[in-house]
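This report concerns only the one structure given below.
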Amino acid sequence: MNANGPLLVEGPVAVTDDDGTTSTSQRFMVAVCTCRRSRA
């Protein structure tokens with residue numbers, strides 16, 4: 001994990017939002033932004 005970069009997660013990945021919506025990816029590596037400036 002890099003303090004100024006994305007969180008890299010080995011896939012496949014399932015992420016669940018606060019509203020219960022689940023997003024999935026079958027990629028071997030997923031980058032998740034941690035800057036809190038991204039829009040949904």
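A note on labels: chains of the structure tokens are A, B, ... as shown, every chain counts residues from 1, and ligands are counted from 1 in their shown order.
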
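Using only C-alpha atoms, the contacts of region 22-38 of chain A at a cut-off of 6 Å, with sequence neighbours closer than 5 positions omitted, comprise Pro6, Leu7, Leu8, Val9, Glu10, Gly11, Pro12, Val13, Ala14, Val15 and Thr16 of chain A.
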
Checklist entry - Which parts of chain A does DSSP call strand (DSSP E) when run on the backbone here, written out as number ranges by chain? => result A: 7-10, 13-16, 22-25, 29-32
